[in-house]
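Everything below belongs to entry-v6.cif, which stores mmCIF, C-alpha atoms; chains and numbers go by the auth columns.
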data_structure
#
loop_
_atom_site.group_PDB
_atom_site.id
_atom_site.type_symbol
_atom_site.label_atom_id
_atom_site.label_comp_id
_atom_site.label_asym_id
_atom_site.label_seq_id
_atom_site.Cartn_x
_atom_site.Cartn_y
_atom_site.Cartn_z
_atom_site.B_iso_or_equiv
_atom_site.auth_seq_id
_atom_site.auth_asym_id
ATOM 1 C CA MET A 1 -12.526 -11.589 1.655 0.00 1 T
ATOM 2 C CA THR A 2 -9.492 -13.856 1.886 0.00 2 T
ATOM 3 C CA ALA A 3 -5.962 -12.731 1.105 0.00 3 T
ATOM 4 C CA LYS A 4 -6.057 -14.785 -2.080 0.00 4 T
ATOM 5 C CA GLU A 5 -9.321 -13.161 -3.200 0.00 5 T
ATOM 6 C CA LEU A 6 -8.059 -9.689 -2.324 0.00 6 T
ATOM 7 C CA ALA A 7 -4.823 -10.264 -4.228 0.00 7 T
ATOM 8 C CA LYS A 8 -6.790 -11.405 -7.276 0.00 8 T
ATOM 9 C CA SER A 9 -9.002 -8.326 -7.145 0.00 9 T
ATOM 10 C CA LEU A 10 -6.172 -5.777 -6.858 0.00 10 T
ATOM 11 C CA PRO A 11 -3.454 -5.272 -9.460 0.00 11 T
ATOM 12 C CA ASN A 12 0.093 -5.128 -8.040 0.00 12 T
ATOM 13 C CA VAL A 13 -1.000 -6.886 -4.836 0.00 13 T
ATOM 14 C CA GLY A 14 0.260 -10.366 -4.086 0.00 14 T
ATOM 15 C CA ILE A 15 -0.762 -12.678 -1.276 0.00 15 T
ATOM 16 C CA LYS A 16 1.733 -11.225 1.230 0.00 16 T
ATOM 17 C CA LEU A 17 0.647 -7.619 0.717 0.00 17 T
ATOM 18 C CA ALA A 18 -3.006 -8.724 0.750 0.00 18 T
ATOM 19 C CA GLU A 19 -2.392 -10.402 4.129 0.00 19 T
ATOM 20 C CA LYS A 20 -0.855 -7.171 5.426 0.00 20 T
ATOM 21 C CA LEU A 21 -3.892 -5.230 4.202 0.00 21 T
ATOM 22 C CA ILE A 22 -6.319 -7.635 5.869 0.00 22 T
ATOM 23 C CA ASN A 23 -4.350 -7.510 9.140 0.00 23 T
ATOM 24 C CA ALA A 24 -4.772 -3.731 8.980 0.00 24 T
ATOM 25 C CA ASN A 25 -8.563 -4.154 8.526 0.00 25 T
ATOM 26 C CA ILE A 26 -8.426 -3.192 4.862 0.00 26 T
ATOM 27 C CA ASP A 27 -10.234 -6.175 3.466 0.00 27 T
ATOM 28 C CA SER A 28 -11.712 -4.923 0.203 0.00 28 T
ATOM 29 C CA PRO A 29 -10.707 -2.862 -2.819 0.00 29 T
ATOM 30 C CA GLN A 30 -13.337 -0.318 -1.774 0.00 30 T
ATOM 31 C CA LYS A 31 -11.795 0.185 1.658 0.00 31 T
ATOM 32 C CA LEU A 32 -8.364 0.641 0.105 0.00 32 T
ATOM 33 C CA ALA A 33 -9.720 3.203 -2.356 0.00 33 T
ATOM 34 C CA GLU A 34 -11.549 5.056 0.432 0.00 34 T
ATOM 35 C CA ILE A 35 -8.506 5.550 2.624 0.00 35 T
ATOM 36 C CA GLY A 36 -5.824 5.903 -0.048 0.00 36 T
ATOM 37 C CA ALA A 37 -2.306 4.571 -0.380 0.00 37 T
ATOM 38 C CA GLU A 38 -0.662 6.653 2.352 0.00 38 T
ATOM 39 C CA SER A 39 -3.263 5.864 5.016 0.00 39 T
ATOM 40 C CA ALA A 40 -3.204 2.185 4.092 0.00 40 T
ATOM 41 C CA PHE A 41 0.591 2.228 4.358 0.00 41 T
ATOM 42 C CA ILE A 42 0.394 3.772 7.839 0.00 42 T
ATOM 43 C CA LYS A 43 -2.267 1.270 8.970 0.00 43 T
ATOM 44 C CA ILE A 44 -0.151 -1.647 7.739 0.00 44 T
ATOM 45 C CA ASN A 45 2.856 -0.240 9.560 0.00 45 T
ATOM 46 C CA GLU A 46 0.826 0.180 12.763 0.00 46 T
ATOM 47 C CA THR A 47 0.082 -3.556 12.670 0.00 47 T
ATOM 48 C CA LYS A 48 3.833 -4.256 12.324 0.00 48 T
ATOM 49 C CA GLY A 49 3.303 -5.308 8.709 0.00 49 T
ATOM 50 C CA PHE A 50 6.442 -3.589 7.468 0.00 50 T
ATOM 51 C CA CYS A 51 8.675 -4.197 10.481 0.00 51 T
ATOM 52 C CA GLY A 52 9.689 -0.548 10.447 0.00 52 T
ATOM 53 C CA LYS A 53 10.869 -0.607 6.838 0.00 53 T
ATOM 54 C CA PHE A 54 9.414 2.321 4.956 0.00 54 T
ATOM 55 C CA ASN A 55 9.825 1.339 1.323 0.00 55 T
ATOM 56 C CA ALA A 56 8.098 3.544 -1.249 0.00 56 T
ATOM 57 C CA LEU A 57 7.615 0.522 -3.517 0.00 57 T
ATOM 58 C CA TYR A 58 4.743 -0.598 -1.301 0.00 58 T
ATOM 59 C CA LEU A 59 3.097 2.766 -1.893 0.00 59 T
ATOM 60 C CA TYR A 60 3.534 2.365 -5.643 0.00 60 T
ATOM 61 C CA ALA A 61 1.813 -1.028 -5.447 0.00 61 T
ATOM 62 C CA LEU A 62 -1.038 0.342 -3.337 0.00 62 T
ATOM 63 C CA GLU A 63 -1.519 3.363 -5.596 0.00 63 T
ATOM 64 C CA GLY A 64 -1.511 1.126 -8.654 0.00 64 T
ATOM 65 C CA ALA A 65 -4.096 -1.104 -6.995 0.00 65 T
ATOM 66 C CA ILE A 66 -6.323 1.892 -6.321 0.00 66 T
ATOM 67 C CA THR A 67 -5.940 3.398 -9.798 0.00 67 T
ATOM 68 C CA ASN A 68 -5.935 0.040 -11.584 0.00 68 T
ATOM 69 C CA CYS A 69 -2.575 0.622 -13.203 0.00 69 T
ATOM 70 C CA ASN A 70 0.758 -1.149 -13.210 0.00 70 T
ATOM 71 C CA TRP A 71 2.969 0.308 -10.487 0.00 71 T
ATOM 72 C CA LEU A 72 5.656 1.027 -13.089 0.00 72 T
ATOM 73 C CA LYS A 73 3.276 3.490 -14.723 0.00 73 T
ATOM 74 C CA ILE A 74 2.603 5.574 -11.621 0.00 74 T
ATOM 75 C CA PRO A 75 3.400 9.194 -12.599 0.00 75 T
ATOM 76 C CA GLU A 76 6.887 10.299 -11.579 0.00 76 T
ATOM 77 C CA ALA A 77 5.487 13.241 -9.589 0.00 77 T
ATOM 78 C CA ARG A 78 3.454 10.816 -7.475 0.00 78 T
ATOM 79 C CA LYS A 79 6.486 8.584 -6.954 0.00 79 T
ATOM 80 C CA ILE A 80 8.431 11.599 -5.702 0.00 80 T
ATOM 81 C CA GLU A 81 5.609 12.346 -3.233 0.00 81 T
ATOM 82 C CA PHE A 82 5.773 8.763 -1.971 0.00 82 T
ATOM 83 C CA LYS A 83 9.557 8.912 -1.589 0.00 83 T
ATOM 84 C CA LYS A 84 9.248 12.113 0.454 0.00 84 T
ATOM 85 C CA PHE A 85 6.481 10.523 2.539 0.00 85 T
ATOM 86 C CA THR A 86 8.575 7.460 3.407 0.00 86 T
ATOM 87 C CA LYS A 87 11.654 9.591 4.033 0.00 87 T
ATOM 88 C CA GLN A 88 9.659 11.642 6.564 0.00 88 T
ATOM 89 C CA LEU A 89 8.390 8.469 8.235 0.00 89 T
ATOM 90 C CA ARG A 90 11.972 7.243 8.632 0.00 90 T
ATOM 91 C CA LYS A 91 12.952 10.578 10.174 0.00 91 T
ATOM 92 C CA ASP A 92 10.020 10.514 12.596 0.00 92 T
ATOM 93 C CA LYS A 93 10.730 6.930 13.652 0.00 93 T
#
Show how you would write the structure in this file as structure tokens.
Amino acid sequence: MTAKELAKSLPNVGIKLAEKLINANIDSPQKLAEIGAESAFIKINETKGFCGKFNALYLYALEGAITNCNWLKIPEARKIEFKKFTKQLRKDK
């Protein structure tokens, strides 16, 4: 699947994020759903896709892609989890 095809098949995912997913060997909506937002985020980071920037907004986009919902509608409790997750990653860096 190309980045363009992946972006079209996943809500909240544009070409750039789709390229990052493919570089991390996440090349289908099924693979993304199987590993989840946090694991996908870590895999993208391991391939230098985020350049060390741990922004929770990427997690919102990935979660929205998995759940087929606009990232603005991700439940607040889940957003808080993502913020804590990225904060911990920054600490561990």
Using atom CA of Glu34 of chain T and atom CA of Thr86 of chain T as the two end points, give the distance in Å to one decimal. 20.5 Å
Using only C-alpha atoms, the best pick from T:Ile66, T:Lys79, T:Glu5, T:Tyr58 as closest to Ile35 of chain T would be T:Ile66
For segment 14-29 of chain T, work out the shell of residues within 7 Å, counting only C-alpha atoms and skipping chain neighbours fewer than 3 positions away, then give it as a ChimeraX atom specification. /T:1,3-4,6-7,10,32-33,43-44,47,49
Could those residues be written to a file, using C-alpha atoms, as an mmCIF file, in the frame of the given file?
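This is the output file out-v2.cif:
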data_model
loop_
_atom_site.group_PDB
_atom_site.id
_atom_site.type_symbol
_atom_site.label_atom_id
_atom_site.label_comp_id
_atom_site.auth_asym_id
_atom_site.auth_seq_id
_atom_site.Cartn_x
_atom_site.Cartn_y
_atom_site.Cartn_z
ATOM 1 C CA MET T 1 -12.526 -11.589 1.655
ATOM 2 C CA ALA T 3 -5.962 -12.731 1.105
ATOM 3 C CA LYS T 4 -6.057 -14.785 -2.080
ATOM 4 C CA LEU T 6 -8.059 -9.689 -2.324
ATOM 5 C CA ALA T 7 -4.823 -10.264 -4.228
ATOM 6 C CA LEU T 10 -6.172 -5.777 -6.858
ATOM 7 C CA LEU T 32 -8.364 0.641 0.105
ATOM 8 C CA ALA T 33 -9.720 3.203 -2.356
ATOM 9 C CA LYS T 43 -2.267 1.270 8.970
ATOM 10 C CA ILE T 44 -0.151 -1.647 7.739
ATOM 11 C CA THR T 47 0.082 -3.556 12.670
ATOM 12 C CA GLY T 49 3.303 -5.308 8.709
#
Distance criterion (all atoms listed in the file): nearest to Ser9 of chain T out of T:Ile74, T:Phe50, T:Asn68, T:Ile80: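 Going through T:Ile74, T:Phe50, T:Asn68, T:Ile80 one by one, the smallest distance to Ser9 of chain T is for T:Asn68.
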What does the distance from atom CA of Ala65 of chain T to atom CA of Asn12 of chain T come to in Å, to one decimal?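 That distance, rounded to one decimal, is 5.9 Å.
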Could you write segment 78-92 of chain T as a PDB file, keeping the file's coordinate frame, with N, CA and C atoms rebuilt where they are missing?
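Printed below is rebuild_14.pdb as written:
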ATOM      1  N   ARG T  78       4.058  11.554  -8.589  1.00  0.00           N
ATOM      2  CA  ARG T  78       3.454  10.816  -7.475  1.00  0.00           C
ATOM      3  C   ARG T  78       4.512   9.961  -6.780  1.00  0.00           C
ATOM      4  N   LYS T  79       5.407   9.369  -7.552  1.00  0.00           N
ATOM      5  CA  LYS T  79       6.486   8.584  -6.954  1.00  0.00           C
ATOM      6  C   LYS T  79       7.363   9.458  -6.067  1.00  0.00           C
ATOM      7  N   ILE T  80       7.625  10.674  -6.507  1.00  0.00           N
ATOM      8  CA  ILE T  80       8.431  11.599  -5.702  1.00  0.00           C
ATOM      9  C   ILE T  80       7.711  11.912  -4.383  1.00  0.00           C
ATOM     10  N   GLU T  81       6.389  12.111  -4.457  1.00  0.00           N
ATOM     11  CA  GLU T  81       5.609  12.346  -3.233  1.00  0.00           C
ATOM     12  C   GLU T  81       5.753  11.159  -2.275  1.00  0.00           C
ATOM     13  N   PHE T  82       5.667   9.957  -2.809  1.00  0.00           N
ATOM     14  CA  PHE T  82       5.773   8.763  -1.971  1.00  0.00           C
ATOM     15  C   PHE T  82       7.166   8.644  -1.356  1.00  0.00           C
ATOM     16  N   LYS T  83       8.187   8.969  -2.123  1.00  0.00           N
ATOM     17  CA  LYS T  83       9.557   8.912  -1.589  1.00  0.00           C
ATOM     18  C   LYS T  83       9.731   9.911  -0.456  1.00  0.00           C
ATOM     19  N   LYS T  84       9.186  11.102  -0.608  1.00  0.00           N
ATOM     20  CA  LYS T  84       9.248  12.113   0.454  1.00  0.00           C
ATOM     21  C   LYS T  84       8.477  11.637   1.685  1.00  0.00           C
ATOM     22  N   PHE T  85       7.316  11.038   1.453  1.00  0.00           N
ATOM     23  CA  PHE T  85       6.481  10.523   2.539  1.00  0.00           C
ATOM     24  C   PHE T  85       7.235   9.475   3.358  1.00  0.00           C
ATOM     25  N   THR T  86       7.849   8.504   2.677  1.00  0.00           N
ATOM     26  CA  THR T  86       8.575   7.460   3.407  1.00  0.00           C
ATOM     27  C   THR T  86       9.834   8.007   4.067  1.00  0.00           C
ATOM     28  N   LYS T  87      10.469   8.966   3.430  1.00  0.00           N
ATOM     29  CA  LYS T  87      11.654   9.591   4.033  1.00  0.00           C
ATOM     30  C   LYS T  87      11.267  10.281   5.346  1.00  0.00           C
ATOM     31  N   GLN T  88      10.129  10.970   5.345  1.00  0.00           N
ATOM     32  CA  GLN T  88       9.659  11.642   6.564  1.00  0.00           C
ATOM     33  C   GLN T  88       9.315  10.622   7.642  1.00  0.00           C
ATOM     34  N   LEU T  89       8.699   9.516   7.258  1.00  0.00           N
ATOM     35  CA  LEU T  89       8.390   8.469   8.235  1.00  0.00           C
ATOM     36  C   LEU T  89       9.663   7.919   8.873  1.00  0.00           C
ATOM     37  N   ARG T  90      10.705   7.729   8.080  1.00  0.00           N
ATOM     38  CA  ARG T  90      11.972   7.243   8.632  1.00  0.00           C
ATOM     39  C   ARG T  90      12.556   8.260   9.599  1.00  0.00           C
ATOM     40  N   LYS T  91      12.436   9.535   9.287  1.00  0.00           N
ATOM     41  CA  LYS T  91      12.952  10.578  10.174  1.00  0.00           C
ATOM     42  C   LYS T  91      12.191  10.592  11.495  1.00  0.00           C
ATOM     43  N   ASP T  92      10.878  10.430  11.410  1.00  0.00           N
ATOM     44  CA  ASP T  92      10.020  10.514  12.596  1.00  0.00           C
ATOM     45  C   ASP T  92      10.095   9.267  13.465  1.00  0.00           C
TER      46      ASP T  92
END
